[in-house]
Structures are given as structure tokens and as C-alpha cells.
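Trainee: Input structure: data24.txt, which contains compact mmCIF, C-alpha atoms.
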```
# COMPACT_ATOMS: atom_id res chain seq x y z
CA MET L 1 32.61 -23.81 -91.31
CA ILE L 2 32.18 -21.42 -88.42
CA ALA L 3 34.06 -23.91 -86.26
CA ALA L 4 37.09 -23.74 -88.54
CA PHE L 5 36.97 -19.94 -88.42
CA ALA L 6 36.79 -20.00 -84.66
CA LEU L 7 39.74 -22.41 -84.52
CA VAL L 8 41.83 -20.09 -86.70
CA ALA L 9 40.68 -17.11 -84.61
CA GLY L 10 41.84 -18.91 -81.47
CA VAL L 11 45.24 -19.57 -83.03
CA VAL L 12 45.58 -15.96 -84.13
CA LEU L 13 44.49 -14.74 -80.70
CA GLY L 14 47.16 -16.86 -79.07
CA LEU L 15 49.80 -15.65 -81.51
CA ILE L 16 48.87 -12.02 -80.88
CA LEU L 17 48.59 -12.24 -77.10
CA ARG L 18 51.59 -14.60 -76.67
CA PRO L 19 50.69 -15.35 -73.08
CA THR L 20 53.33 -16.74 -70.75
CA VAL L 21 52.37 -20.03 -69.17
CA PRO L 22 52.65 -19.97 -65.40
CA THR L 23 55.00 -22.62 -64.08
CA TRP L 24 52.37 -24.49 -62.10
CA LEU L 25 50.40 -24.96 -65.30
CA GLU L 26 53.29 -26.32 -67.33
CA PRO L 27 52.88 -30.06 -66.60
CA TYR L 28 49.25 -29.94 -67.74
CA LEU L 29 49.93 -28.30 -71.09
CA PRO L 30 50.74 -31.51 -73.01
CA ILE L 31 47.63 -33.15 -71.51
CA ALA L 32 45.50 -30.18 -72.54
CA VAL L 33 46.89 -30.39 -76.07
CA VAL L 34 46.06 -34.08 -76.40
CA ALA L 35 42.59 -33.48 -74.93
CA ALA L 36 42.05 -30.62 -77.38
CA LEU L 37 43.07 -32.78 -80.32
CA ASP L 38 40.76 -35.52 -79.08
CA ALA L 39 37.89 -33.06 -78.89
CA VAL L 40 38.58 -31.79 -82.42
CA PHE L 41 38.73 -35.24 -83.97
CA GLY L 42 35.70 -36.39 -81.99
CA GLY L 43 33.74 -33.33 -83.10
CA VAL L 44 34.66 -33.80 -86.76
CA ARG L 45 33.71 -37.45 -86.63
CA ALA L 46 30.38 -36.72 -84.93
CA ARG L 47 29.69 -34.11 -87.58
CA LEU L 48 30.36 -36.64 -90.32
CA ASP L 49 28.23 -39.19 -88.52
CA GLY L 50 25.49 -36.55 -88.42
CA ILE L 51 25.14 -36.56 -84.66
CA PHE L 52 27.16 -33.49 -83.77
CA ASP L 53 26.02 -31.68 -80.67
CA ALA L 54 27.53 -28.38 -79.59
CA LYS L 55 26.90 -28.93 -75.90
CA VAL L 56 28.52 -32.35 -75.90
CA PHE L 57 31.46 -30.97 -77.88
CA VAL L 58 32.28 -28.16 -75.45
CA VAL L 59 31.51 -30.13 -72.31
CA SER L 60 33.58 -33.11 -73.45
CA PHE L 61 36.56 -30.91 -74.22
CA VAL L 62 36.45 -29.04 -70.95
CA SER L 63 35.80 -32.11 -68.86
CA ASN L 64 38.55 -34.07 -70.65
CA VAL L 65 41.06 -31.35 -69.87
CA VAL L 66 39.92 -31.05 -66.28
CA VAL L 67 39.86 -34.79 -65.61
CA ALA L 68 43.19 -35.36 -67.30
CA ALA L 69 44.75 -32.49 -65.36
CA LEU L 70 43.25 -33.83 -62.16
CA ILE L 71 44.71 -37.28 -62.78
CA VAL L 72 48.13 -35.84 -63.47
CA PHE L 73 47.91 -33.53 -60.48
CA LEU L 74 47.01 -36.44 -58.24
CA GLY L 75 49.80 -38.51 -59.77
CA ASP L 76 52.30 -35.72 -59.19
CA LYS L 77 51.30 -35.55 -55.54
CA LEU L 78 51.67 -39.34 -55.22
CA GLY L 79 54.93 -39.51 -57.16
CA VAL L 80 53.60 -41.25 -60.27
CA GLY L 81 52.86 -38.13 -62.32
CA GLY L 82 54.99 -39.14 -65.28
CA GLN L 83 53.42 -42.57 -65.55
CA LEU L 84 49.89 -41.20 -65.21
CA SER L 85 50.43 -38.57 -67.89
CA THR L 86 51.66 -41.39 -70.12
CA ALA L 87 48.45 -43.27 -69.36
CA VAL L 88 46.31 -40.24 -70.22
CA VAL L 89 48.20 -39.65 -73.45
CA VAL L 90 47.86 -43.33 -74.42
CA VAL L 91 44.11 -43.45 -73.81
CA LEU L 92 43.41 -40.17 -75.59
CA GLY L 93 45.85 -41.14 -78.33
CA ILE L 94 43.94 -44.35 -79.00
CA ARG L 95 40.74 -42.34 -79.24
CA ILE L 96 42.32 -39.86 -81.63
CA PHE L 97 43.50 -42.72 -83.82
CA GLY L 98 40.10 -44.38 -83.81
CA ASN L 99 38.31 -41.15 -84.66
CA ALA L 100 40.81 -40.32 -87.37
CA ALA L 101 40.22 -43.77 -88.87
CA ALA L 102 36.44 -43.18 -88.77
CA ILE L 103 36.87 -39.78 -90.45
CA ARG L 104 39.03 -41.41 -93.08
CA ARG L 105 36.34 -44.01 -93.75
CA HIS L 106 33.78 -41.23 -94.11
CA LEU L 107 35.86 -39.12 -96.46
CA PHE L 108 37.44 -41.75 -98.68
CA ARG L 109 35.01 -44.63 -98.18
CA ALA L 110 37.99 -46.86 -97.56
CA MET B 1 23.52 -44.00 -84.67
CA THR B 2 22.39 -47.43 -83.68
CA SER B 3 25.47 -49.58 -83.94
CA PRO B 4 25.19 -52.69 -81.83
CA PRO B 5 27.36 -52.54 -78.77
CA ASN B 6 30.56 -54.45 -79.20
CA THR B 7 30.24 -56.84 -76.33
CA ARG B 8 31.47 -60.34 -75.91
CA PRO B 9 29.35 -62.38 -73.57
CA ASN B 10 32.03 -63.84 -71.37
CA ALA B 11 34.97 -61.51 -71.79
CA PRO B 12 36.50 -60.51 -68.49
CA LEU B 13 35.93 -56.98 -67.33
CA THR B 14 39.42 -55.71 -68.18
CA THR B 15 39.27 -57.18 -71.68
CA GLN B 16 35.88 -55.52 -72.18
CA LEU B 17 37.40 -52.25 -71.02
CA LEU B 18 40.16 -52.49 -73.61
CA ILE B 19 37.70 -53.48 -76.35
CA ASP B 20 35.55 -50.47 -75.48
CA LEU B 21 38.58 -48.25 -75.50
CA VAL B 22 39.64 -49.29 -78.98
CA THR B 23 36.24 -49.67 -80.65
CA ASP B 24 34.12 -46.92 -79.07
CA THR B 25 36.40 -44.04 -79.77
CA LEU B 26 33.61 -41.49 -80.12
CA ASP B 27 32.36 -39.86 -76.99
CA PRO B 28 29.12 -41.72 -76.13
CA GLY B 29 27.60 -38.34 -75.29
CA TYR B 30 27.15 -37.56 -78.97
CA ALA B 31 24.97 -40.63 -79.59
CA ALA B 32 22.97 -39.98 -76.44
CA ALA B 33 22.37 -36.35 -77.30
CA ALA B 34 21.36 -37.26 -80.85
CA ALA B 35 18.88 -39.85 -79.60
CA LYS B 36 17.39 -37.36 -77.16
CA ARG B 37 17.01 -34.67 -79.76
CA ARG B 38 15.41 -37.02 -82.23
CA SER B 39 12.79 -37.92 -79.67
CA SER B 40 12.05 -34.34 -78.59
CA ASP B 41 12.56 -31.30 -80.82
CA PRO B 42 14.86 -31.20 -83.82
CA THR B 43 15.15 -27.41 -83.92
CA PRO B 44 18.60 -25.99 -83.16
CA ARG B 45 18.97 -24.40 -79.77
CA TRP B 46 20.11 -20.79 -79.43
CA TYR B 47 23.41 -21.66 -77.77
CA ASP B 48 24.59 -24.18 -80.35
CA ARG B 49 26.60 -21.82 -82.48
CA PRO B 50 28.18 -19.75 -79.71
CA ALA B 51 29.14 -22.96 -77.91
CA VAL B 52 30.92 -24.31 -80.98
CA VAL B 53 32.67 -20.99 -81.49
CA VAL B 54 33.80 -20.77 -77.90
CA GLY B 55 34.93 -24.40 -77.89
CA CYS B 56 36.94 -24.06 -81.09
CA LEU B 57 38.40 -20.78 -79.89
CA LEU B 58 39.51 -22.47 -76.71
CA ILE B 59 41.01 -25.42 -78.57
CA GLY B 60 42.90 -23.23 -81.00
CA PHE B 61 44.13 -21.10 -78.14
CA THR B 62 45.30 -24.18 -76.21
CA LEU B 63 47.16 -25.57 -79.20
CA VAL B 64 48.94 -22.34 -79.99
CA LEU B 65 49.69 -21.80 -76.31
CA ALA B 66 51.44 -25.14 -76.16
CA TYR B 67 53.25 -24.38 -79.40
CA ILE B 68 54.49 -21.03 -78.17
CA HIS B 69 55.49 -22.48 -74.85
CA ALA B 70 57.41 -25.36 -76.43
CA ASN B 71 59.08 -22.98 -78.85
CA ARG B 72 60.00 -20.43 -76.25
CA GLY B 73 61.39 -22.62 -73.49
CA ALA B 74 63.68 -25.51 -74.25
CA PRO B 75 64.46 -24.67 -77.88
CA GLU B 76 66.19 -21.49 -76.75
CA ALA B 77 68.89 -23.65 -75.22
CA ALA B 78 68.80 -25.95 -78.24
CA LYS B 79 69.19 -22.99 -80.57
CA VAL B 80 72.22 -21.75 -78.67
CA HIS B 81 73.61 -25.27 -78.72
CA ASP B 82 73.05 -25.59 -82.46
CA ARG B 83 74.71 -22.26 -83.11
CA LEU B 84 77.70 -23.25 -81.01
CA VAL B 85 77.96 -26.61 -82.76
CA ALA B 86 77.84 -24.90 -86.13
CA ARG B 87 80.57 -22.48 -85.08
CA VAL B 88 82.76 -25.27 -83.78
CA ARG B 89 82.26 -27.27 -86.96
CA ALA B 90 83.10 -24.25 -89.09
CA ALA B 91 86.21 -23.55 -87.05
CA GLN B 92 87.27 -27.19 -87.29
CA ALA B 93 86.79 -27.19 -91.04
CA GLU B 94 88.77 -23.98 -91.32
CA GLY B 95 91.53 -25.43 -89.17
CA ALA B 96 91.65 -28.56 -91.29
CA SER B 97 91.81 -26.59 -94.52
CA LEU B 98 94.54 -24.34 -93.11
CA ALA B 99 96.52 -27.39 -91.99
CA ALA B 100 96.14 -28.94 -95.43
CA ARG B 101 97.31 -25.70 -97.00
CA ALA B 102 100.30 -25.55 -94.67
CA GLN B 103 101.21 -29.10 -95.62
CA ALA B 104 100.93 -28.33 -99.32
CA LEU B 105 103.07 -25.21 -98.93
CA ASN B 106 105.56 -27.19 -96.90
CA SER B 107 105.92 -29.83 -99.57
CA THR B 108 106.34 -27.07 -102.17
CA LEU B 109 109.02 -25.56 -99.96
CA THR B 110 110.82 -28.88 -99.67
CA ARG B 111 110.70 -29.38 -103.41
CA LEU B 112 112.03 -25.89 -104.10
CA ARG B 113 114.79 -26.37 -101.59
CA ASP B 114 115.78 -29.62 -103.23
CA GLN B 115 115.86 -27.84 -106.57
CA ALA B 116 118.04 -25.08 -105.15
CA GLY B 117 120.74 -27.67 -104.59
CA LEU B 118 122.06 -26.85 -101.16
CA GLY B 119 124.14 -30.01 -101.17
CA SER B 120 125.15 -31.24 -97.72
CA LEU B 121 123.07 -28.53 -96.05
CA SER B 122 119.95 -30.07 -97.57
CA GLY B 123 120.60 -33.41 -95.88
CA GLU B 124 121.17 -31.72 -92.55
CA LEU B 125 117.96 -29.74 -92.93
CA ASP B 126 116.00 -32.92 -93.69
CA ARG B 127 117.32 -34.53 -90.53
CA GLU B 128 116.44 -31.51 -88.42
CA GLN B 129 112.97 -31.30 -89.90
CA LEU B 130 112.43 -35.00 -89.28
CA LEU B 131 113.35 -34.58 -85.64
CA ALA B 132 111.12 -31.52 -85.40
CA GLY B 133 108.23 -33.53 -86.83
CA GLN B 134 107.76 -31.22 -89.76
CA VAL B 135 107.97 -33.88 -92.46
CA ALA B 136 106.11 -37.15 -92.69
CA ALA B 137 108.18 -40.05 -91.46
CA THR B 138 108.18 -43.75 -92.16
CA GLY B 139 110.06 -46.61 -90.59
CA PRO B 140 109.87 -49.60 -88.26
CA GLY B 141 108.70 -49.20 -84.71
CA LEU B 142 106.14 -49.97 -82.09
CA GLU B 143 102.37 -49.42 -82.06
CA VAL B 144 100.59 -49.10 -78.73
CA VAL B 145 96.80 -49.08 -78.57
CA LEU B 146 94.91 -47.93 -75.47
CA LYS B 147 91.15 -48.59 -75.47
CA GLU B 148 88.39 -47.52 -73.12
CA PRO B 149 86.66 -50.41 -71.35
CA PRO B 150 83.37 -51.44 -72.99
CA LYS B 151 80.50 -49.29 -71.73
CA SER B 152 78.52 -50.84 -68.95
CA THR B 153 74.93 -51.58 -69.99
CA ALA B 154 72.30 -49.07 -68.95
CA SER B 155 70.48 -49.81 -65.75
CA PRO B 156 67.17 -51.61 -66.34
CA GLN B 157 65.22 -48.89 -64.52
CA PRO B 158 65.64 -45.70 -66.47
CA GLY B 159 64.01 -43.57 -63.78
CA ARG B 160 61.82 -40.56 -64.46
CA ALA B 161 61.62 -39.09 -67.88
CA GLY B 162 64.07 -36.27 -68.39
CA SER B 163 66.67 -37.66 -66.04
CA SER B 164 69.56 -39.54 -67.55
CA PRO B 165 71.67 -42.00 -65.64
CA ILE B 166 75.20 -40.94 -64.97
CA GLY B 167 77.21 -42.52 -67.74
CA ALA B 168 80.49 -44.24 -67.11
CA THR B 169 83.10 -41.53 -67.31
CA ASN B 170 86.20 -42.06 -69.36
CA ILE B 171 88.87 -43.97 -67.53
CA LEU B 172 91.70 -43.05 -69.82
CA THR B 173 92.91 -39.48 -69.63
CA ASP B 174 95.75 -37.37 -70.92
CA ARG B 175 97.99 -38.79 -68.20
CA ASP B 176 97.78 -42.27 -69.70
CA VAL B 177 98.56 -41.10 -73.20
CA ARG B 178 101.35 -38.92 -71.84
CA SER B 179 102.97 -41.64 -69.78
CA VAL B 180 103.00 -44.03 -72.74
CA VAL B 181 104.48 -41.33 -74.96
CA ASN B 182 107.12 -40.42 -72.40
CA GLU B 183 108.02 -44.07 -71.95
CA LEU B 184 108.41 -44.44 -75.71
CA TRP B 185 110.65 -41.37 -75.91
CA ALA B 186 112.69 -42.79 -73.07
CA ASP B 187 112.94 -46.13 -74.86
CA GLY B 188 114.54 -44.51 -77.85
CA ALA B 189 111.70 -43.56 -80.15
CA GLU B 190 112.68 -41.06 -82.81
CA ALA B 191 109.23 -39.94 -83.95
CA ILE B 192 105.83 -40.43 -82.33
CA SER B 193 102.27 -39.81 -83.40
CA VAL B 194 99.09 -40.10 -81.34
CA ASN B 195 95.97 -40.91 -83.36
CA ASP B 196 97.73 -39.57 -86.45
CA VAL B 197 98.74 -36.34 -84.79
CA ARG B 198 102.50 -36.02 -85.00
CA LEU B 199 104.28 -34.96 -81.85
CA THR B 200 106.79 -32.15 -82.12
CA PRO B 201 109.13 -30.63 -79.53
CA THR B 202 106.38 -28.15 -78.68
CA SER B 203 103.54 -30.67 -78.47
CA ALA B 204 101.39 -30.75 -75.38
CA ILE B 205 99.08 -33.59 -74.38
CA ARG B 206 96.26 -32.16 -72.33
CA PHE B 207 92.76 -32.93 -71.15
CA ALA B 208 89.69 -30.79 -71.65
CA GLY B 209 86.22 -31.98 -70.80
CA ASP B 210 86.04 -35.54 -72.03
CA ALA B 211 88.59 -35.23 -74.78
CA VAL B 212 92.32 -35.61 -74.87
CA LEU B 213 93.94 -32.73 -76.70
CA VAL B 214 97.16 -33.27 -78.58
CA ASP B 215 98.45 -29.94 -79.81
CA PHE B 216 94.93 -28.56 -79.30
CA GLN B 217 93.44 -31.20 -81.58
CA PRO B 218 90.84 -33.26 -79.77
CA ILE B 219 91.26 -37.00 -80.11
CA SER B 220 89.17 -39.77 -78.64
CA ALA B 221 89.64 -43.38 -77.63
CA PRO B 222 91.03 -45.74 -78.82
CA TYR B 223 94.37 -44.01 -78.62
CA THR B 224 96.86 -45.37 -81.13
CA ILE B 225 100.40 -44.32 -80.35
CA ARG B 226 102.93 -45.06 -83.06
CA ALA B 227 106.63 -44.69 -82.41
CA ILE B 228 109.38 -45.07 -84.96
CA GLY B 229 112.65 -46.49 -83.70
CA HIS B 230 114.55 -49.71 -83.41
CA ALA B 231 111.55 -52.01 -83.23
CA ASP B 232 113.08 -54.78 -81.11
CA ASN B 233 114.73 -52.43 -78.67
CA LEU B 234 111.57 -50.35 -78.34
CA ALA B 235 109.43 -53.41 -77.76
CA THR B 236 111.78 -54.93 -75.21
CA ALA B 237 112.29 -51.73 -73.29
CA PHE B 238 108.62 -50.83 -73.38
CA ALA B 239 107.47 -54.29 -72.33
CA SER B 240 109.74 -54.23 -69.27
CA SER B 241 108.79 -50.68 -68.28
CA ASP B 242 106.66 -49.68 -65.31
CA VAL B 243 104.16 -48.05 -67.63
CA ALA B 244 103.49 -51.26 -69.52
CA SER B 245 103.10 -53.32 -66.37
CA ARG B 246 100.73 -50.70 -64.92
CA TYR B 247 98.46 -50.90 -67.93
CA GLN B 248 98.66 -54.69 -67.97
CA THR B 249 97.30 -54.52 -64.43
CA LEU B 250 94.58 -52.09 -65.50
CA VAL B 251 93.54 -54.47 -68.28
CA SER B 252 92.53 -57.07 -65.73
CA ALA B 253 91.28 -54.56 -63.14
CA ASP B 254 89.28 -52.07 -65.22
CA GLY B 255 88.89 -53.85 -68.54
CA ILE B 256 90.72 -51.29 -70.62
CA GLY B 257 92.29 -52.41 -73.86
CA PHE B 258 96.09 -52.32 -74.00
CA VAL B 259 98.03 -53.89 -76.85
CA PHE B 260 101.42 -53.14 -78.28
CA SER B 261 103.08 -54.73 -81.25
CA GLU B 262 106.12 -54.28 -83.42
CA ARG B 263 105.52 -52.90 -86.87
CA ASN B 264 107.81 -52.97 -89.85
CA ASP B 265 106.40 -50.05 -91.68
CA LEU B 266 104.79 -47.22 -89.74
CA GLN B 267 103.61 -44.09 -91.49
CA LEU B 268 103.68 -40.93 -89.42
CA PRO B 269 102.13 -37.74 -90.77
CA ALA B 270 103.87 -34.41 -90.71
CA SER B 271 102.93 -31.79 -88.20
CA PRO B 272 102.17 -28.28 -89.38
CA ALA B 273 105.28 -26.22 -88.90
CA VAL B 274 105.43 -24.00 -85.86
CA THR B 275 107.45 -20.88 -86.35
CA PRO B 276 109.27 -19.92 -83.19
CA ARG B 277 108.61 -16.29 -82.40
CA TYR B 278 110.68 -15.70 -79.29
CA ALA B 279 113.38 -18.33 -79.42
CA HIS B 280 116.39 -17.41 -81.53
CA PRO B 281 119.29 -19.69 -82.30
CA VAL B 282 122.55 -18.90 -80.57
CA SER B 283 124.95 -18.91 -83.48
CA PRO B 284 128.50 -17.67 -83.84
CA SER B 285 127.82 -16.35 -87.33
CA PRO B 286 128.70 -12.69 -87.77
CA THR B 287 125.31 -11.89 -89.33
CA SER B 288 123.55 -12.63 -86.08
CA THR B 289 122.69 -9.54 -84.07
CA GLY B 290 123.48 -11.09 -80.71
CA SER B 291 127.15 -11.83 -81.53
CA SER B 292 128.79 -8.54 -80.68
CA ARG B 293 131.41 -10.17 -78.51
```
Reformat the file's structure so that it appears as C-alpha cells.
Mentor:
Amino acid sequence: MIAAFALVAGVVLGLILRPTVPTWLEPYLPIAVVAALDAVFGGVRARLDGIFDAKVFVVSFVSNVVVAALIVFLGDKLGVGGQLSTAVVVVLGIRIFGNAAAIRRHLFRA
Amino acid sequence: MTSPPNTRPNAPLTTQLLIDLVTDTLDPGYAAAAAKRRSSDPTPRWYDRPAVVVGCLLIGFTLVLAYIHANRGAPEAAKVHDRLVARVRAAQAEGASLAARAQALNSTLTRLRDQAGLGSLSGELDREQLLAGQVAATGPGLEVVLKEPPKSTASPQPGRAGSSPIGATNILTDRDVRSVVNELWADGAEAISVNDVRLTPTSAIRFAGDAVLVDFQPISAPYTIRAIGHADNLATAFASSDVASRYQTLVSADGIGFVFSERNDLQLPASPAVTPRYAHPVSPSPTSTGSSR
């Protein structure tokens, strides 16, 4: 419950502040979004499984973003940035799908 | 959670990696933390709630940040583009409706004139209007079709995302349409239309961007040029002309399409009437202001 409130508060905060994204951060924004979605779905699934842990939740989100950004940064320096961001999106996308399917099984028993 | 690990005894390492990726979608940290807590103390720690709040705040902030960024950057250009497209479409629709209205008024005018019974003058007027392209015309003649060569297939390596390969530019331009039209006039055509746009004495065939403009109406390939005249003479003269032989060469060299054929019954539309504003007829009639000699 409090998590949902915090999520909405974060959205509202962003809408109020309307921060401009610095240009050097731009390539990592899509990666951060996918990592954030992965963290949300993972957290919800863990909650439904009854094994939610706040520390794991926060640390997994932050580390996912950092690692993904690092991979893309490295790829950009080596000239394969586009391909590596695709790889990151694919891996995290598969996880999101799997977690969403698990959540669906929990909620609808189907 | 004590689900048995999804392992196959002799799957190669990469296969195992893929299986793990698809089946173990939940972060293994959750299971580990749960197992540890079960063994030690089940009481909630003091930082549990704040951590969740901070994490969710961060996630929400990230999502909305990306949303704002995506909405602010590229879509600005897209919005301008959409607005321009809408304006162009509206202007085109208005132009079409005005042209239709002009045609309707013109036909009313013709009917009224016929009713007025001008006698021999009426026949003369019809002939003049036909030559000026102001009435629809029908008759035998020649049809010339110019086609762009088939597009070359895209290169197998599309390159980085966001970059598009340079497409094959149009080979046919206004010059080609113009030279065919000029050749047809020279061969004795009496009325010509290009893609159902009737040519008048004031028509211009121009080029803007990637489109050929005939009387400011954009047309695109294939260009169908219909000319009314003595069909056999037109065909013979056109076939032996330099223009025709040039495009025959281009057919084999560049792969453009170039066909011309005699037609028994061509239908040419009327062109909206253009009222001359500066040109006045030189007439010996005493009513004319310029005849003070």
C-alpha cells in the first residue's frame, strides 16, 4: 500500500519538478525505465510469493540501473552501444514477462 | 520458496543460461533473503519501510522523467509535422472543392450560353474554350506512360538505429514530363493532360522537392500523358522523335518504364478557367478603350 503511494508521489514529484535530462544521461534513460519496470514487477511478484524484502528490492533496482548503464556506456565507447542496449532490454524484458506471468498466476490462479 | 532448481543434467552451459533466464525471472536475492530471515529473526527491521518508500519514489520518478523527456524532445518536431500535414491536407481539400465548384459553375455557364442562342458565335466560343483547355475534351490520340524504375531493395545491413539509408532518388523529373509534352505539341496534339491535369496555354510543369507540379498540382509517377490528335500521325511522329529514342535508351539503361500507344477514345478533363488579369485582347471594336485611333 505504502509502496503504491510512494510510486504515485514519485510520479507527482517528477511532474511538478519537470527536470531537464542532461544530454550525457539521455542514452541511459530507456535502460533505466526498463530496469525500473523490472524492479516493480519483481517486487510485486515477491510480495505475492510472500518473500518480499525491502533491501533486496532497492538494491536490485539500483544495481540493475547501474549495471545496465555501465554495459551501455562500455558499448558506446566500443561502438556497439545500440546492440548492447538491445541486449539489456531483451534480458530485462524477458524477466518482466516472466514476473508478469507469475503475478497473473497468483491473482487469477490461471 | 523451495522450488527445485530447473537444471538439466547435461545441457550445455549456454542452454542452461537461457533456461535460467526464462524460468528464474525473479531476482534470486528475494529467496535468499527470505531463507536468511526465516532462520534468524522474523521481526521487521527499522529500515524496511523507508527503503520501500525511497525505492518506489525513485522508480516513479524515473518513469515520469523518461515520459517527460520523450514527450518534450522528439514529439515537438512530430507535433509541428502533424500540424503542417493537417494544414496541407485542409488546403488540398479546399482547393479540390473550389476546383469542383468552378467546374460546376463552368458547366452551368456553358448551358446558359447554349440556351441564350448565340448561333455561330457559340460554336466559335466552344472551339476557343477547347483550345484553352477550359472544357473537357474527348477524341483519339496517343497515351504515353513514364514510370520510375522499380526501387532497389534495401541494403541487408541497415546500420545503426535511427539512421536510414539514402533512398534511391527519383530519376524522372519535370524535364522528362516537359520534353514529352513539348514533343507531343510539336507532333500536332490538340489537347494534352498529364495525370488527369489538363494543360492550358498558361500551364507550367515544374519540380518541387520530389514532386512534379503541373499547374501547382503535385503529381507523382507513373506519369500518364494523354494527347488528343490524329492518332496515327501523332504515333508516327512521336516514335521517330529524339525524345522517344532517348527514353527508349533510358529504359535499357536505368530501367524506367516508357510505353506509348494509340488510343481511340481519350477523355481529357477540363481545367479550371484562368481569368486573365493583365492581358487584354487587341480588338478593332469601337467599344474597346484602346482603339482611339
Trainee: Would you work out the distance separating CA of Pro140 in chain B from CA of Asp265 in chain B, expressed in Å to one decimal?
Mentor: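 Separating CA of Pro140 in chain B from CA of Asp265 in chain B is a distance of 4.9 Å.
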Trainee: Under the rule that only C-alpha atoms are counted, which of B:Asp210, B:Asp27, B:Asp20, B:Asp174 is the nearest residue to chain L?
Mentor: B:Asp27
Trainee: Using all atoms listed in the file, which of L:Asp38, L:Leu70, L:Gly98, L:Leu17 sits nearest chain B?
Mentor: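 Closest candidate: L:Gly98.
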Trainee: Within 12 Å of His106 in chain L, counting only C-alpha atoms, which residues qualify if same-chain residues fewer than 2 places away don't, as an mmCIF file with C-alpha atoms, keeping the file's coordinate frame?
Mentor:
```
data_model
loop_
_atom_site.group_PDB
_atom_site.id
_atom_site.type_symbol
_atom_site.label_atom_id
_atom_site.label_comp_id
_atom_site.auth_asym_id
_atom_site.auth_seq_id
_atom_site.Cartn_x
_atom_site.Cartn_y
_atom_site.Cartn_z
ATOM 1 C CA VAL L 44 34.660 -33.800 -86.760
ATOM 2 C CA ARG L 45 33.710 -37.450 -86.630
ATOM 3 C CA ALA L 46 30.380 -36.720 -84.930
ATOM 4 C CA ARG L 47 29.690 -34.110 -87.580
ATOM 5 C CA LEU L 48 30.360 -36.640 -90.320
ATOM 6 C CA ASP L 49 28.230 -39.190 -88.520
ATOM 7 C CA GLY L 50 25.490 -36.550 -88.420
ATOM 8 C CA ASN L 99 38.310 -41.150 -84.660
ATOM 9 C CA ALA L 100 40.810 -40.320 -87.370
ATOM 10 C CA ALA L 101 40.220 -43.770 -88.870
ATOM 11 C CA ALA L 102 36.440 -43.180 -88.770
ATOM 12 C CA ILE L 103 36.870 -39.780 -90.450
ATOM 13 C CA ARG L 104 39.030 -41.410 -93.080
ATOM 14 C CA PHE L 108 37.440 -41.750 -98.680
ATOM 15 C CA ARG L 109 35.010 -44.630 -98.180
ATOM 16 C CA ALA L 110 37.990 -46.860 -97.560
#
```
Trainee: Find the residues near Val91 in chain L: any atom within 10 Å, counting all atoms listed in the file, skip ones fewer than 6 places away on the same chain, and give them as a ChimeraX atom specification.
Mentor: /L:34,85 /B:18,21-22,25
Trainee: What are the residues of chain L lining chain B at 7 Å or less? Count only C-alpha atoms, and put the answer as a list in words.
Mentor: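 Close enough to count are Ile2, Ala3, Ala6, Leu7, Val8, Ala9, Gly10, Val11, Leu13, Gly14, Leu15, Val21, Leu29, Val33, Ala36, Gly42, Ala46, Ile51, Phe52, Asp53, Ala54, Lys55, Val56, Val58, Ile94, Arg95, Gly98 and Asn99 of chain L.
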